[in-house]
>>> print(open('run_19.txt').read())   # compact mmCIF, C-alpha atoms
# COMPACT_ATOMS: atom_id res chain seq x y z
CA MET B 245 24.11 -23.77 10.46
CA PHE B 246 23.91 -27.44 9.74
CA THR B 247 24.07 -26.97 6.00
CA ASP B 248 27.50 -25.39 6.12
CA ILE B 249 29.83 -26.97 3.61
CA PRO B 250 32.62 -27.51 6.19
CA THR B 251 30.12 -29.18 8.56
CA LEU B 252 28.90 -31.49 5.84
CA GLN B 253 32.47 -32.31 4.94
CA THR B 254 33.28 -33.08 8.55
CA VAL B 255 30.24 -35.30 8.91
CA SER B 256 31.05 -37.25 5.77
CA PHE B 257 34.70 -37.50 6.85
CA VAL B 258 33.69 -38.89 10.24
CA ALA B 259 31.23 -41.29 8.65
CA SER B 260 33.73 -42.59 6.10
CA GLN B 261 36.48 -43.05 8.71
CA LEU B 262 34.18 -44.95 11.05
CA PHE B 263 32.86 -47.02 8.15
CA LYS B 264 36.38 -47.99 7.13
CA GLY B 265 37.11 -48.95 10.72
CA ALA B 266 33.95 -51.01 10.91
CA ILE B 267 35.02 -52.95 7.80
CA VAL B 268 38.36 -53.80 9.44
CA THR B 269 36.51 -54.87 12.59
CA LEU B 270 34.33 -57.20 10.53
CA GLU B 271 37.36 -58.58 8.68
CA ILE B 272 39.13 -59.45 11.92
CA THR B 273 35.95 -60.95 13.33
CA VAL B 274 35.43 -63.23 10.34
CA LEU B 275 39.06 -64.37 10.15
CA ALA B 276 39.32 -64.95 13.90
CA GLU B 277 36.01 -66.83 13.90
CA LEU B 278 37.27 -69.20 11.22
CA LEU B 279 40.33 -69.93 13.35
CA VAL B 280 38.11 -70.31 16.42
CA LEU B 281 35.88 -72.86 14.72
CA VAL B 282 38.75 -75.00 13.45
CA LEU B 283 40.65 -74.91 16.76
CA SER B 284 37.50 -75.49 18.80
CA PHE B 285 36.77 -78.72 16.97
CA VAL B 286 40.37 -79.89 17.12
CA ILE B 287 40.69 -79.19 20.85
CA ALA B 288 37.27 -80.66 21.64
CA LEU B 289 38.12 -83.86 19.78
CA MET B 290 41.49 -83.99 21.53
CA ARG B 291 39.77 -83.69 24.90
CA LEU B 292 37.50 -86.59 23.98
CA SER B 293 40.26 -88.71 22.51
CA PRO B 294 41.17 -92.09 24.01
CA TRP B 295 44.85 -91.04 24.32
CA ARG B 296 45.61 -89.55 27.68
CA VAL B 297 48.46 -87.33 26.43
CA LEU B 298 46.21 -85.62 23.88
CA ARG B 299 43.58 -85.05 26.58
CA TRP B 300 46.18 -83.49 28.89
CA ILE B 301 47.53 -81.18 26.22
CA ALA B 302 44.02 -80.05 25.32
CA THR B 303 43.05 -79.49 28.96
CA LEU B 304 46.20 -77.48 29.57
CA TYR B 305 45.48 -75.41 26.45
CA VAL B 306 41.96 -74.62 27.59
CA GLU B 307 42.87 -73.82 31.20
CA VAL B 308 45.84 -71.60 30.33
CA LEU B 309 44.07 -69.65 27.60
CA ARG B 310 40.98 -69.18 29.71
CA GLY B 311 43.17 -67.97 32.56
CA ILE B 312 44.94 -65.23 30.59
CA SER B 313 42.93 -62.31 29.37
CA ALA B 314 42.70 -61.67 25.64
CA LEU B 315 44.46 -58.33 25.93
CA VAL B 316 47.38 -59.81 27.83
CA LEU B 317 47.73 -62.50 25.18
CA LEU B 318 47.60 -59.92 22.37
CA PHE B 319 50.30 -57.84 24.03
CA TYR B 320 52.36 -60.92 24.64
CA LEU B 321 52.17 -61.91 20.97
CA PHE B 322 52.76 -58.38 19.78
CA PHE B 323 55.67 -57.35 22.00
CA ILE B 324 57.32 -60.55 23.18
CA LEU B 325 57.34 -62.76 20.09
CA PRO B 326 59.42 -60.24 18.07
CA LEU B 327 62.08 -60.56 20.77
CA PHE B 328 62.29 -64.24 19.90
CA GLY B 329 62.62 -63.39 16.24
CA ILE B 330 59.01 -64.00 15.28
CA SER B 331 57.46 -60.84 13.87
CA LEU B 332 53.80 -60.92 12.98
CA SER B 333 51.80 -58.15 11.39
CA PRO B 334 49.25 -56.50 13.70
CA MET B 335 46.44 -58.13 11.72
CA THR B 336 47.91 -61.63 12.08
CA THR B 337 48.60 -60.99 15.77
CA GLY B 338 45.01 -59.88 16.32
CA VAL B 339 43.51 -62.82 14.49
CA ILE B 340 45.76 -65.37 16.21
CA GLY B 341 45.40 -63.81 19.67
CA LEU B 342 41.62 -63.60 19.52
CA GLY B 343 41.37 -66.96 17.78
CA LEU B 344 43.38 -68.71 20.49
CA THR B 345 41.51 -67.08 23.37
CA PHE B 346 38.06 -67.76 21.97
CA SER B 347 38.87 -71.28 20.83
CA ALA B 348 39.47 -72.20 24.48
CA TYR B 349 35.87 -71.26 25.24
CA GLY B 350 34.57 -72.56 21.92
CA SER B 351 36.09 -76.00 22.43
CA GLU B 352 34.07 -76.33 25.64
CA ILE B 353 30.88 -75.55 23.72
CA VAL B 354 31.73 -78.11 21.03
CA ARG B 355 32.77 -80.69 23.59
CA SER B 356 29.62 -80.43 25.67
CA ALA B 357 27.45 -80.64 22.54
CA LEU B 358 29.30 -83.75 21.38
CA ILE B 359 29.02 -85.42 24.81
CA ASN B 360 25.32 -84.72 25.02
CA VAL B 361 24.44 -86.90 22.04
CA SER B 362 22.51 -89.68 23.74
CA GLN B 363 24.08 -92.91 24.90
CA GLY B 364 21.61 -94.96 22.84
CA GLN B 365 23.04 -93.43 19.68
CA ARG B 366 26.56 -94.38 20.76
CA ASP B 367 25.48 -97.93 21.56
CA ALA B 368 23.79 -98.18 18.17
CA LEU B 369 27.00 -96.98 16.48
CA ARG B 370 28.99 -99.66 18.19
CA ALA B 371 26.37 -102.31 17.40
CA LEU B 372 26.40 -101.32 13.72
CA ASP B 373 30.21 -101.27 13.68
CA PHE B 374 30.66 -97.70 12.45
CA GLY B 375 34.23 -96.38 12.17
CA PRO B 376 34.95 -93.38 14.44
CA ALA B 377 35.24 -90.93 11.53
CA THR B 378 32.00 -92.02 9.87
CA ALA B 379 30.22 -92.09 13.21
CA LEU B 380 31.27 -88.52 13.94
CA ARG B 381 30.45 -87.24 10.48
CA ARG B 382 27.16 -89.00 9.85
CA ILE B 383 25.60 -89.56 13.27
CA ILE B 384 27.13 -87.51 16.10
CA LEU B 385 27.80 -84.20 14.35
CA PRO B 386 24.37 -83.80 12.71
CA GLN B 387 22.80 -84.17 16.13
CA ALA B 388 25.32 -82.05 18.00
CA LEU B 389 25.52 -79.18 15.51
CA PRO B 390 22.10 -77.61 16.19
CA VAL B 391 22.84 -77.69 19.93
CA MET B 392 26.18 -75.93 19.61
CA LEU B 393 25.12 -73.27 17.12
CA PRO B 394 23.36 -70.86 19.54
CA PRO B 395 26.21 -70.72 22.07
CA LEU B 396 28.73 -70.42 19.24
CA GLY B 397 26.63 -67.57 17.86
CA ASN B 398 26.63 -65.80 21.21
CA GLN B 399 30.36 -66.31 21.31
CA LEU B 400 30.67 -64.70 17.89
CA VAL B 401 28.96 -61.61 19.31
CA GLU B 402 31.49 -61.59 22.15
CA LEU B 403 34.29 -61.96 19.63
CA LEU B 404 32.99 -59.03 17.61
CA LYS B 405 33.02 -56.87 20.73
CA THR B 406 36.42 -58.09 21.84
CA THR B 407 37.99 -57.14 18.50
CA SER B 408 38.00 -53.59 19.91
CA LEU B 409 41.12 -54.69 21.80
CA VAL B 410 43.14 -54.84 18.58
CA SER B 411 43.00 -51.05 18.45
CA LEU B 412 45.61 -51.18 21.23
CA ILE B 413 48.02 -53.04 18.97
CA THR B 414 47.74 -50.35 16.27
CA LEU B 415 45.15 -52.01 14.01
CA THR B 416 42.83 -49.42 12.47
CA ASP B 417 39.55 -51.01 13.51
CA LEU B 418 36.38 -49.14 14.50
CA THR B 419 37.72 -48.20 17.95
CA PHE B 420 41.06 -47.05 16.54
CA SER B 421 39.31 -44.94 13.89
CA GLY B 422 37.31 -43.34 16.69
CA ALA B 423 40.47 -42.56 18.62
CA GLN B 424 42.10 -41.11 15.49
CA LEU B 425 39.10 -38.89 14.79
CA ILE B 426 39.30 -37.61 18.36
CA THR B 427 42.92 -36.60 17.94
CA THR B 428 41.99 -34.53 14.87
CA LEU B 429 38.52 -33.27 15.82
CA GLY B 430 38.18 -33.50 19.61
CA GLN B 431 34.53 -34.17 20.55
CA GLN B 432 35.43 -37.22 22.63
CA THR B 433 31.97 -38.00 23.99
CA LEU B 434 30.20 -37.63 20.67
CA ILE B 435 32.65 -39.78 18.74
CA TRP B 436 32.85 -42.51 21.35
CA CYS B 437 29.04 -42.60 21.39
CA LEU B 438 29.07 -43.00 17.58
CA VAL B 439 31.57 -45.86 17.94
CA LEU B 440 29.30 -47.51 20.52
CA VAL B 441 26.37 -47.23 18.14
CA GLY B 442 28.52 -48.70 15.38
CA TYR B 443 29.29 -51.79 17.43
CA PHE B 444 25.67 -52.07 18.47
CA LEU B 445 24.52 -51.98 14.83
CA MET B 446 26.89 -54.83 14.00
CA ALA B 447 26.27 -56.99 17.07
CA TRP B 448 22.56 -56.55 17.59
CA PRO B 449 21.35 -58.19 14.34
CA LEU B 450 23.61 -61.12 15.14
CA THR B 451 22.10 -61.45 18.63
CA LEU B 452 18.60 -61.35 17.16
CA LEU B 453 19.51 -64.02 14.65
CA VAL B 454 20.89 -66.30 17.36
CA ARG B 455 17.82 -65.74 19.52
CA ARG B 456 15.51 -66.52 16.64
CA TYR B 457 17.32 -69.71 15.78
CA GLU B 458 17.29 -70.74 19.43
CA ARG B 459 13.54 -70.17 19.65
CA HIS B 460 13.13 -72.19 16.47
CA LEU B 461 15.07 -75.06 18.06
CA THR B 462 13.30 -75.05 21.40
CA ALA B 463 9.87 -74.59 19.80
CA TRP B 464 10.40 -77.88 18.03
CA ARG B 465 11.42 -79.49 21.29
CA GLU B 466 8.46 -78.08 23.21
CA ALA B 467 6.04 -79.19 20.53
CA LYS B 468 7.40 -82.70 20.76
CA GLU B 469 6.94 -82.80 24.49
CA MET Q 88 66.19 -62.59 24.51
CA ASP Q 89 66.69 -64.05 27.94
CA PHE Q 90 64.60 -63.80 31.04
CA ASP Q 91 66.47 -61.86 33.73
CA ILE Q 92 65.29 -63.23 37.05
CA ALA Q 93 66.95 -60.52 39.16
CA PHE Q 94 65.25 -57.83 37.07
CA ALA Q 95 61.93 -59.68 37.29
CA TRP Q 96 62.30 -59.81 41.07
CA SER Q 97 63.08 -56.10 41.23
CA ILE Q 98 59.89 -55.13 39.40
CA THR Q 99 57.66 -57.54 41.33
CA PRO Q 100 56.64 -55.01 44.05
CA GLU Q 101 55.48 -52.57 41.41
CA LEU Q 102 53.39 -55.22 39.67
CA LEU Q 103 51.98 -56.44 42.97
CA SER Q 104 50.73 -52.96 43.85
CA GLY Q 105 49.08 -52.93 40.42
CA LEU Q 106 47.54 -56.31 41.19
CA TRP Q 107 46.16 -54.93 44.45
CA VAL Q 108 44.40 -52.11 42.56
CA THR Q 109 43.05 -54.71 40.13
CA VAL Q 110 41.60 -56.79 42.95
CA GLN Q 111 39.95 -53.74 44.52
CA VAL Q 112 38.34 -52.68 41.25
CA VAL Q 113 37.09 -56.21 40.59
CA VAL Q 114 35.58 -56.69 44.03
CA LEU Q 115 33.81 -53.32 44.07
CA GLY Q 116 32.70 -53.69 40.46
CA PHE Q 117 31.40 -57.17 41.18
CA VAL Q 118 29.31 -55.95 44.13
CA LEU Q 119 27.87 -53.19 41.95
CA ALA Q 120 27.21 -55.66 39.13
CA VAL Q 121 25.39 -58.13 41.37
CA VAL Q 122 23.20 -55.45 42.96
CA ALA Q 123 22.41 -53.75 39.65
CA GLY Q 124 21.91 -57.11 37.94
CA LEU Q 125 19.47 -58.23 40.60
CA LEU Q 126 17.51 -54.97 40.34
CA LEU Q 127 17.40 -55.33 36.55
CA ALA Q 128 16.20 -58.92 36.81
CA ILE Q 129 13.43 -57.95 39.22
CA ALA Q 130 12.49 -54.94 37.11
CA GLN Q 131 12.13 -57.22 34.11
CA ARG Q 132 9.17 -58.83 35.84
CA SER Q 133 7.58 -55.46 36.50
CA PRO Q 134 3.91 -55.08 35.55
CA LEU Q 135 4.76 -51.79 33.80
CA PRO Q 136 5.63 -52.38 30.11
CA LEU Q 137 7.75 -49.23 30.02
CA VAL Q 138 10.04 -50.50 32.78
CA ARG Q 139 10.36 -53.85 31.03
CA ALA Q 140 11.21 -52.19 27.74
CA ALA Q 141 13.82 -49.96 29.39
CA CYS Q 142 15.44 -53.02 30.98
CA ALA Q 143 15.48 -54.93 27.72
CA GLY Q 144 17.07 -51.91 26.03
CA TYR Q 145 19.72 -51.63 28.71
CA LEU Q 146 20.56 -55.31 28.49
CA SER Q 147 20.83 -55.46 24.72
CA PHE Q 148 22.81 -52.25 24.44
CA PHE Q 149 25.33 -53.08 27.12
CA ARG Q 150 25.73 -56.63 25.87
CA SER Q 151 26.19 -55.60 22.24
CA THR Q 152 28.93 -53.03 22.68
CA PRO Q 153 32.54 -53.43 23.81
CA LEU Q 154 33.42 -52.65 27.41
CA MET Q 155 36.44 -50.65 26.29
CA VAL Q 156 34.35 -48.19 24.30
CA GLN Q 157 31.82 -47.97 27.15
CA LEU Q 158 34.68 -47.04 29.45
CA TYR Q 159 35.84 -44.32 27.06
CA VAL Q 160 32.33 -42.88 26.93
CA LEU Q 161 31.95 -42.94 30.71
CA PHE Q 162 35.38 -41.44 31.17
CA PHE Q 163 34.63 -38.49 28.90
CA ALA Q 164 30.86 -38.14 29.32
CA LEU Q 165 30.58 -38.19 33.10
CA PRO Q 166 32.61 -34.96 33.54
CA LEU Q 167 30.40 -33.33 30.88
CA ALA Q 168 27.38 -34.29 32.98
CA GLY Q 169 29.02 -32.50 35.91
CA LEU Q 170 30.24 -35.70 37.59
CA THR Q 171 33.99 -35.56 37.92
CA LEU Q 172 35.00 -38.89 39.42
CA PRO Q 173 38.46 -40.32 39.83
CA ALA Q 174 39.41 -42.86 37.17
CA PHE Q 175 39.15 -45.63 39.74
CA ALA Q 176 35.47 -44.90 40.42
CA THR Q 177 34.76 -44.64 36.69
CA GLY Q 178 36.35 -48.04 36.25
CA VAL Q 179 34.23 -49.59 38.99
CA ILE Q 180 31.07 -48.07 37.52
CA GLY Q 181 31.96 -49.14 33.97
CA LEU Q 182 32.81 -52.69 34.95
CA GLY Q 183 29.75 -52.90 37.21
CA LEU Q 184 27.28 -51.60 34.63
CA TYR Q 185 28.65 -53.88 31.91
CA TYR Q 186 28.59 -57.04 33.98
CA ALA Q 187 25.21 -56.11 35.49
CA ALA Q 188 23.72 -56.79 32.04
CA TYR Q 189 25.17 -60.32 32.05
CA ILE Q 190 24.38 -61.07 35.68
CA ALA Q 191 20.81 -59.79 35.21
CA GLU Q 192 20.33 -62.39 32.50
CA ALA Q 193 21.66 -65.12 34.81
CA PHE Q 194 19.36 -63.94 37.60
CA ARG Q 195 16.43 -63.87 35.20
CA GLY Q 196 17.04 -67.48 34.22
CA ALA Q 197 17.35 -68.54 37.85
CA ILE Q 198 14.18 -66.66 38.81
CA ASP Q 199 12.30 -68.23 35.89
CA ASP Q 200 13.39 -71.63 37.19
CA VAL Q 201 11.64 -71.10 40.53
CA PRO Q 202 8.50 -73.25 40.16
CA ALA Q 203 5.28 -71.35 39.45
CA GLY Q 204 3.72 -73.07 42.48
CA GLN Q 205 5.92 -70.97 44.74
CA TRP Q 206 4.48 -67.76 43.29
CA GLU Q 207 0.96 -69.10 43.61
CA ALA Q 208 1.55 -70.18 47.20
CA ALA Q 209 2.91 -66.73 48.02
CA ARG Q 210 -0.20 -65.16 46.55
CA ALA Q 211 -2.48 -67.64 48.33
CA LEU Q 212 -0.78 -66.83 51.65
CA ASP Q 213 -1.16 -63.13 50.92
CA PHE Q 214 2.56 -62.26 51.06
CA GLU Q 215 3.58 -58.75 50.12
CA PRO Q 216 5.59 -58.62 46.84
CA ALA Q 217 8.69 -57.50 48.78
CA THR Q 218 8.38 -60.38 51.23
CA THR Q 219 7.73 -62.83 48.41
CA TRP Q 220 10.96 -61.78 46.69
CA ARG Q 221 13.04 -61.60 49.81
CA ARG Q 222 11.91 -64.70 51.66
CA LEU Q 223 10.73 -67.05 48.91
CA ILE Q 224 11.95 -66.38 45.42
CA LEU Q 225 15.45 -65.00 45.83
CA PRO Q 226 16.73 -67.60 48.31
CA GLN Q 227 15.68 -70.33 45.89
CA ALA Q 228 16.99 -68.51 42.82
CA VAL Q 229 20.36 -67.46 44.18
CA LYS Q 230 21.64 -70.82 45.38
CA PRO Q 231 22.10 -72.51 41.98
CA LEU Q 232 23.47 -69.22 40.69
CA LEU Q 233 26.59 -69.10 42.83
CA PRO Q 234 28.90 -70.97 40.41
CA VAL Q 235 27.64 -68.80 37.55
CA LEU Q 236 28.42 -65.68 39.54
CA GLY Q 237 31.84 -67.12 40.25
CA ASN Q 238 32.50 -67.44 36.53
CA TYR Q 239 31.52 -63.82 36.01
CA LEU Q 240 33.87 -62.79 38.82
CA ILE Q 241 36.75 -64.50 37.01
CA GLY Q 242 35.58 -62.98 33.73
CA MET Q 243 35.66 -59.52 35.30
CA PHE Q 244 39.13 -60.11 36.63
CA LYS Q 245 40.32 -60.89 33.14
CA GLU Q 246 38.69 -57.76 31.68
CA THR Q 247 40.55 -55.45 34.06
CA PRO Q 248 43.51 -54.81 31.71
CA LEU Q 249 41.03 -52.65 29.80
CA LEU Q 250 40.94 -50.27 32.72
CA ALA Q 251 44.45 -49.22 31.77
CA VAL Q 252 42.95 -47.28 28.85
CA ILE Q 253 41.28 -44.93 31.32
CA THR Q 254 44.53 -44.49 33.25
CA ILE Q 255 43.75 -46.68 36.28
CA PRO Q 256 47.08 -47.89 37.66
CA GLU Q 257 46.16 -51.58 37.72
CA LEU Q 258 48.34 -54.58 36.93
CA PHE Q 259 48.40 -54.16 33.16
CA GLN Q 260 49.17 -50.46 33.42
CA ALA Q 261 51.97 -51.20 35.88
CA ALA Q 262 53.50 -53.77 33.51
CA LYS Q 263 53.21 -51.37 30.59
CA GLN Q 264 54.89 -48.60 32.56
CA VAL Q 265 57.76 -50.81 33.61
CA ALA Q 266 58.16 -51.96 30.02
CA GLY Q 267 58.06 -48.37 28.76
CA MET Q 268 60.64 -47.14 31.24
CA THR Q 269 63.13 -49.98 30.96
CA TYR Q 270 62.54 -51.11 27.35
CA ARG Q 271 62.36 -54.65 28.65
CA TYR Q 272 59.12 -56.30 27.60
CA ASN Q 273 59.70 -59.93 28.38
CA GLU Q 274 59.86 -59.80 32.19
CA PRO Q 275 56.96 -57.44 32.99
CA TYR Q 276 54.53 -59.02 30.54
CA THR Q 277 55.48 -62.56 31.48
CA LEU Q 278 55.15 -61.78 35.18
CA MET Q 279 51.80 -60.14 34.51
CA ALA Q 280 50.53 -63.19 32.63
CA LEU Q 281 51.73 -65.43 35.47
CA MET Q 282 49.97 -63.25 38.04
CA PHE Q 283 46.75 -63.48 36.06
CA LEU Q 284 47.08 -67.24 35.91
CA ALA Q 285 48.00 -67.42 39.61
CA ILE Q 286 44.69 -65.82 40.52
CA SER Q 287 42.27 -67.01 37.88
CA VAL Q 288 43.20 -70.71 37.67
CA PRO Q 289 42.86 -71.44 41.43
CA THR Q 290 39.64 -69.41 41.58
CA SER Q 291 38.20 -71.29 38.63
CA LEU Q 292 39.21 -74.63 40.19
CA LEU Q 293 37.60 -73.55 43.48
CA PHE Q 294 34.30 -72.74 41.79
CA LYS Q 295 34.45 -75.97 39.81
CA TYR Q 296 34.95 -77.85 43.07
CA LEU Q 297 32.05 -76.01 44.73
CA GLU Q 298 29.78 -76.77 41.79
CA HIS Q 299 30.87 -80.40 41.76
CA ARG Q 300 30.16 -80.73 45.48
CA ARG Q 301 26.72 -79.21 45.05
CA HIS Q 302 25.78 -81.77 42.40
CA ALA Q 303 27.29 -84.70 44.27
>>> encode(input="run_19.txt", output="structure tokens")
Amino acid sequence: MFTDIPTLQTVSFVASQLFKGAIVTLEITVLAELLVLVLSFVIALMRLSPWRVLRWIATLYVEVLRGISALVLLFYLFFILPLFGISLSPMTTGVIGLGLTFSAYGSEIVRSALINVSQGQRDALRALDFGPATALRRIILPQALPVMLPPLGNQLVELLKTTSLVSLITLTDLTFSGAQLITTLGQQTLIWCLVLVGYFLMAWPLTLLVRRYERHLTAWREAKE
Amino acid sequence: MDFDIAFAWSITPELLSGLWVTVQVVVLGFVLAVVAGLLLAIAQRSPLPLVRAACAGYLSFFRSTPLMVQLYVLFFALPLAGLTLPAFATGVIGLGLYYAAYIAEAFRGAIDDVPAGQWEAARALDFEPATTWRRLILPQAVKPLLPVLGNYLIGMFKETPLLAVITIPELFQAAKQVAGMTYRYNEPYTLMALMFLAISVPTSLLFKYLEHRRHA
């Protein structure tokens, strides 16, 4: 009796709840990614700076944030900061927590791409007396950007998956919507499978895009060789 | 909000027993992930297209979905399939299957890096496929892979708080329970974060050192 009105209603209810959750998931992903990109560049530049103190701070940042798991950091922000008088909304906590964690990894991607611009280019910059800012903007970055895009893209996929953690700090993302549906409807296995498929549908196109871009990059390189 | 050292000391044994469970899950899950990852990587070079397609499907699905939701599915679906396992075993399986997809990719890259001449030589010398893999290809592929595997081991360690959602009494769960019972959040969570750092930072430095020594 699949055409039953109640069944249809249930199906559309489930679909709309999961869809709403998926939108929240995407929102968090986009906001956190923006934070990740900004912080990654700042930390990478700090690690490459001529001032030792800046390098130390940046190294400490990366090592500590890579050492703590994202969930631990989220819980720390969510439960401990209020005790110090800083109360953040779940959304802000999620975005900041994920942004901090992923920027530690992202800064390594940015840094290695910046370092790998060839020495000849650096020598030429010095010979032509470029200022550091112009050199970065006009010469280094245009060469480093294509190299860092694929790993940053893969990282974005990881970020999208990791946003499921925010369901544990009461944000109504895709995972949380799934959990809510289970409390009203039961059907644990079915609903969790639907949630899995939901994440897959969001992450898979992104993976394909990254892979395609990567092939595009390396094809050019192979052709040159 | 101050940090009560005496209270922190009193809850340390509880957190340490959670940490011990965490370490057990990680080690067992890692063994499963390496074995399954290796099998997946070998199967990806199978002459049968169907096997290759199944592997590719496994890899993309497991890599495109969150571990937490996979754990929920395993936790609820395995009993439906007649397999009632303790939460601990479900956690090991979930962690292992998820990381197998990543480790398989690393293995695949390492295997691709073995020069084609080695395969041709094996064929010219009439080695069996099993012998070729065991004696020629894998020893050459695995060696440069060790630091990569080390990074995945640390990664797994940091994913273990997720196992709390399927009721495994690991470190995170222990901290949450202490916090829930005493209404003190600062000490348990801070201690937990310190314990994570105390394990993952030295391990990461160790692997960095090993990798450095290999290149030197």
>>> interface_residues(input="run_19.txt", of="chain B", to="chain Q", cutoff="6 Å", atoms="all atoms listed in the file", output="JSON list (two decimals) with C-alpha atoms, keeping the file's coordinate frame")
[["chain", "number", "residue", "atom", "x", "y", "z"],
["B", 311, "GLY", "CA", 43.17, -67.97, 32.56],
["B", 313, "SER", "CA", 42.93, -62.31, 29.37],
["B", 324, "ILE", "CA", 57.32, -60.55, 23.18],
["B", 327, "LEU", "CA", 62.08, -60.56, 20.77],
["B", 405, "LYS", "CA", 33.02, -56.87, 20.73],
["B", 433, "THR", "CA", 31.97, -38.00, 23.99],
["B", 436, "TRP", "CA", 32.85, -42.51, 21.35],
["B", 440, "LEU", "CA", 29.30, -47.51, 20.52],
["B", 443, "TYR", "CA", 29.29, -51.79, 17.43],
["B", 444, "PHE", "CA", 25.67, -52.07, 18.47],
["B", 447, "ALA", "CA", 26.27, -56.99, 17.07],
["B", 448, "TRP", "CA", 22.56, -56.55, 17.59]]
>>> residues_around(input="run_19.txt", residues="Leu262 (chain B)", least_positions_apart="5", cutoff="9 Å", atoms="all atoms listed in the file", output="ChimeraX atom specification")
/B:257,267,417-419,421-422,425,438-439,442
>>> write_last_selection(input="run_19.txt", atoms="C-alpha atoms", output="CSV table (one decimal), in the frame of the given file")
chain,number,residue,atom,x,y,z
B,257,PHE,CA,34.7,-37.5,6.8
B,267,ILE,CA,35.0,-53.0,7.8
B,417,ASP,CA,39.6,-51.0,13.5
B,418,LEU,CA,36.4,-49.1,14.5
B,419,THR,CA,37.7,-48.2,18.0
B,421,SER,CA,39.3,-44.9,13.9
B,422,GLY,CA,37.3,-43.3,16.7
B,425,LEU,CA,39.1,-38.9,14.8
B,438,LEU,CA,29.1,-43.0,17.6
B,439,VAL,CA,31.6,-45.9,17.9
B,442,GLY,CA,28.5,-48.7,15.4
>>> atom_distance(input="run_19.txt", atom1="CA of Gly265 (chain B)", atom2="CA of Thr254 (chain Q)")
24.1 Å
>>> atom_distance(input="run_19.txt", atom1="CA of Leu344 (chain B)", atom2="CA of Glu277 (chain B)")
10.1 Å
>>> residues_near_point(input="run_19.txt", point="(13.8, -73.7, 40.4)", cutoff="7 Å", atoms="only C-alpha atoms", output="JSON, numbers by chain")
{"Q": [197, 200, 201, 202, 227, 228]}
>>> atom_distance(input="run_19.txt", atom1="CA of Gly169 (chain Q)", atom2="CA of Ala123 (chain Q)")
22.6 Å
